[in-house]
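This report refers to the structure that appears directly beneath it.
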Amino acid sequence: MLKNVIAPIQAWLMSQGRCVGDGKPLSAGKRQKRKDGTEKVTCSCGRIFIYDTKSKKYRRALLEEV
Ligand SMILES: [Zn+2]
């Protein structure tokens, strides 16, 4: 049951450019440019996201991207 509630909230936070863990703006996170033109963003809570500079969207980093 809980998953059904959390997934839409996380999707909404991502669309707002916020961390799914603590809701902090990812613009304040530690940024690191990647070879493919995206940016790796590390939130202060340790969660890692990928920022697509073309579509200007955030997504969770995959295990192999961390
Ligand atoms: Zn966070």
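Residue names in the structure tokens use chain letters A, B, ... in the order shown, residue numbers from 1 in each chain, and ligand numbers from 1 in the order shown.
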Selection: 12 Å around stretch 64-66 of chain A, only C-alpha atoms, excl. self and same-chain fewer than 4 positions, as number ranges by chain: A: 32, 34-36, 38-42, 46-50, 59-60
Surrounding residues of A:Tyr58 excluding itself and chain neighbours under 5 positions, 8 Å, only C-alpha atoms, as a list in words: Met14, Ser15, Gly17, Phe49, Ile50, Tyr51 and Asp52 of chain A
9 Å shell around ligand 1 using only C-alpha atoms and all ligand atoms, listed as a VMD selection string: chain A and resid 18 to 26 29 42 to 48
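Note that atom CA of A:Leu63 and atom CA of A:Ile6 are 20.6 Å apart.
Atom CA of A:Ser27 is positioned 21.2 Å from atom CA of A:Pro8.
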Backbone DSSP call of strand (DSSP E) for chain A, listed as a PyMOL selection string: chain A and resi 30-33+39-42+48-52+57-60
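Interatomic distance, atom CA of A:Lys56 to atom CA of A:Gly37: 11.6 Å.
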Every residue of chain A that DSSP places in helix (DSSP H, G or I), as a PyMOL selection string: chain A and resi 2-15+26-28+63-65
